[in-house]
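J.: Just so it is clear, I am handing over protein-v3.tsv, which has TSV, C-alpha atoms.
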```tsv
chain	number	residue	atom	x	y	z
Y	1	MET	CA	-1.47	-147.32	46.65
Y	2	LYS	CA	0.47	-148.08	49.79
Y	3	ILE	CA	2.60	-151.23	49.93
Y	4	ASN	CA	2.58	-153.45	53.01
Y	5	LYS	CA	4.37	-156.63	54.09
Y	6	ASN	CA	1.20	-158.70	53.71
Y	7	MET	CA	1.09	-158.21	49.94
Y	8	THR	CA	2.59	-160.89	47.73
Y	9	VAL	CA	5.89	-160.17	46.02
Y	10	THR	CA	4.09	-160.33	42.67
Y	11	GLU	CA	1.46	-157.79	43.78
Y	12	ILE	CA	4.23	-155.43	44.85
Y	13	LEU	CA	6.16	-155.81	41.60
Y	14	ASN	CA	2.97	-155.22	39.61
Y	15	VAL	CA	2.79	-151.73	41.16
Y	16	ASP	CA	6.17	-150.86	39.61
Y	17	PRO	CA	8.70	-153.41	38.31
Y	18	MET	CA	11.54	-151.08	39.34
Y	19	ILE	CA	10.74	-151.99	42.96
Y	20	SER	CA	12.82	-155.09	42.20
Y	21	ASN	CA	15.93	-152.93	42.67
Y	22	ILE	CA	14.95	-152.21	46.27
Y	23	LEU	CA	14.09	-155.85	46.98
Y	24	THR	CA	17.31	-157.22	45.50
Y	25	GLY	CA	19.25	-154.58	47.42
Y	26	HIS	CA	17.92	-156.19	50.60
Y	27	GLY	CA	18.88	-159.72	49.57
Y	28	MET	CA	15.71	-160.86	47.81
Y	29	SER	CA	17.19	-162.76	44.89
Y	30	CYS	CA	14.35	-164.81	43.44
Y	31	LEU	CA	11.61	-162.28	42.79
Y	32	PHE	CA	10.08	-164.03	39.81
Y	33	CYS	CA	9.98	-167.61	41.09
Y	34	GLY	CA	6.70	-169.49	41.51
Y	35	ALA	CA	6.59	-168.76	45.24
Y	36	ALA	CA	6.48	-165.00	44.58
Y	37	VAL	CA	2.86	-165.37	43.51
Y	38	HIS	CA	1.76	-166.93	46.80
Y	39	GLU	CA	4.22	-165.70	49.44
Y	40	THR	CA	3.75	-162.39	51.15
Y	41	LEU	CA	6.74	-160.10	51.31
Y	42	GLU	CA	7.10	-160.94	54.99
Y	43	GLN	CA	7.09	-164.70	54.30
Y	44	ALA	CA	9.57	-164.38	51.45
Y	45	CYS	CA	11.90	-162.28	53.59
Y	46	ARG	CA	11.79	-164.84	56.38
Y	47	VAL	CA	12.88	-167.55	53.90
Y	48	HIS	CA	15.81	-165.35	52.88
Y	49	GLY	CA	16.84	-164.62	56.48
Y	50	ILE	CA	15.76	-160.99	56.40
Y	51	THR	CA	14.80	-159.62	59.82
Y	52	ALA	CA	11.47	-157.99	60.69
Y	53	ASP	CA	13.23	-154.62	61.08
Y	54	GLN	CA	14.70	-154.97	57.59
Y	55	VAL	CA	11.25	-155.80	56.21
Y	56	ASP	CA	9.83	-152.63	57.76
Y	57	LEU	CA	12.69	-150.60	56.29
Y	58	MET	CA	12.16	-152.21	52.89
Y	59	VAL	CA	8.43	-151.41	52.94
Y	60	ALA	CA	9.18	-147.80	53.91
Y	61	GLN	CA	11.72	-147.49	51.08
Y	62	ILE	CA	9.26	-148.95	48.56
Y	63	ASN	CA	6.50	-146.58	49.65
Y	64	ASP	CA	8.93	-143.68	49.48
Y	65	PHE	CA	9.95	-144.76	45.96
Y	66	ILE	CA	6.39	-145.00	44.64
Y	67	GLY	CA	5.23	-141.90	46.47
Y	68	GLY	CA	2.96	-143.80	48.83
Y	69	PRO	CA	0.46	-141.69	50.73
Y	70	GLU	CA	1.67	-139.85	53.75
Y	71	SER	CA	-0.13	-140.11	57.05
Y	72	THR	CA	-3.78	-139.14	56.74
Y	73	GLU	CA	-3.79	-137.53	60.17
Y	74	GLU	CA	-3.82	-133.76	60.15
Y	75	SER	CA	-1.82	-131.88	62.70
Y	76	CYS	CA	-3.52	-129.10	64.62
```
Using the file provided, produce a representation of the structure as structure tokens.

T.:
Amino acid sequence: MKINKNMTVTEILNVDPMISNILTGHGMSCLFCGAAVHETLEQACRVHGITADQVDLMVAQINDFIGGPESTEESC
């Protein structure tokens, strides 16, 4: 499964609860609040003052951590 910024925080944490370490490392402090069920990662980051570039970095780190799929394009 590949994580993206349009998934809710809860959906992301359900993939692997250890992802919380990455999120808190980027300033996401309230991962288990009621809003985590409804807010996308992008929305939650905006509330916490995290920039779009930081969100992209966070998503990349999460996918790296969980072994998200690499690009499906084959090189010739």

J.: Please list as a list in words every residue within 9 Å of stretch 15-19 of chain Y, counting all atoms listed in the file and excluding residues in the same chain fewer than 6 positions away.

T.: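 The contact residues come out as Met1, Ile3, Ile62, Phe65 and Ile66 of chain Y.
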
J.: Report, in Å with one decimal, the straight-line distance from atom CA of Y:Val9 to atom CA of Y:His38.

T.: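 Atom-to-atom, atom CA of Y:Val9 and atom CA of Y:His38 are spaced 8.0 Å apart.
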
J.: For a quick check of your reading of the model, name the residues lying within 10 Å of the coordinate (5.9, -158.9, 44.6), counting only C-alpha atoms, and write them as a PDB file with C-alpha atoms, in the coordinates of the input.

T.:
```
ATOM      1  CA  ILE Y   3       2.600-151.230  49.930  1.00  0.00           C
ATOM      2  CA  LYS Y   5       4.370-156.630  54.090  1.00  0.00           C
ATOM      3  CA  MET Y   7       1.090-158.210  49.940  1.00  0.00           C
ATOM      4  CA  THR Y   8       2.590-160.890  47.730  1.00  0.00           C
ATOM      5  CA  VAL Y   9       5.890-160.170  46.020  1.00  0.00           C
ATOM      6  CA  THR Y  10       4.090-160.330  42.670  1.00  0.00           C
ATOM      7  CA  GLU Y  11       1.460-157.790  43.780  1.00  0.00           C
ATOM      8  CA  ILE Y  12       4.230-155.430  44.850  1.00  0.00           C
ATOM      9  CA  LEU Y  13       6.160-155.810  41.600  1.00  0.00           C
ATOM     10  CA  ASN Y  14       2.970-155.220  39.610  1.00  0.00           C
ATOM     11  CA  VAL Y  15       2.790-151.730  41.160  1.00  0.00           C
ATOM     12  CA  ASP Y  16       6.170-150.860  39.610  1.00  0.00           C
ATOM     13  CA  PRO Y  17       8.700-153.410  38.310  1.00  0.00           C
ATOM     14  CA  ILE Y  19      10.740-151.990  42.960  1.00  0.00           C
ATOM     15  CA  SER Y  20      12.820-155.090  42.200  1.00  0.00           C
ATOM     16  CA  LEU Y  23      14.090-155.850  46.980  1.00  0.00           C
ATOM     17  CA  LEU Y  31      11.610-162.280  42.790  1.00  0.00           C
ATOM     18  CA  PHE Y  32      10.080-164.030  39.810  1.00  0.00           C
ATOM     19  CA  ALA Y  35       6.590-168.760  45.240  1.00  0.00           C
ATOM     20  CA  ALA Y  36       6.480-165.000  44.580  1.00  0.00           C
ATOM     21  CA  VAL Y  37       2.860-165.370  43.510  1.00  0.00           C
ATOM     22  CA  HIS Y  38       1.760-166.930  46.800  1.00  0.00           C
ATOM     23  CA  GLU Y  39       4.220-165.700  49.440  1.00  0.00           C
ATOM     24  CA  THR Y  40       3.750-162.390  51.150  1.00  0.00           C
ATOM     25  CA  LEU Y  41       6.740-160.100  51.310  1.00  0.00           C
ATOM     26  CA  ALA Y  44       9.570-164.380  51.450  1.00  0.00           C
TER      27      ALA Y  44
END
```

J.: How many Å separate atom CA of Y:Asp53 from atom CA of Y:Gly67?

T.: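 Between atom CA of Y:Asp53 and atom CA of Y:Gly67 the gap is 21.0 Å.
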
J.: By how many Å are atom CA of Y:Ala60 and atom CA of Y:Cys33 apart?

T.: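 The value is 23.6 Å.
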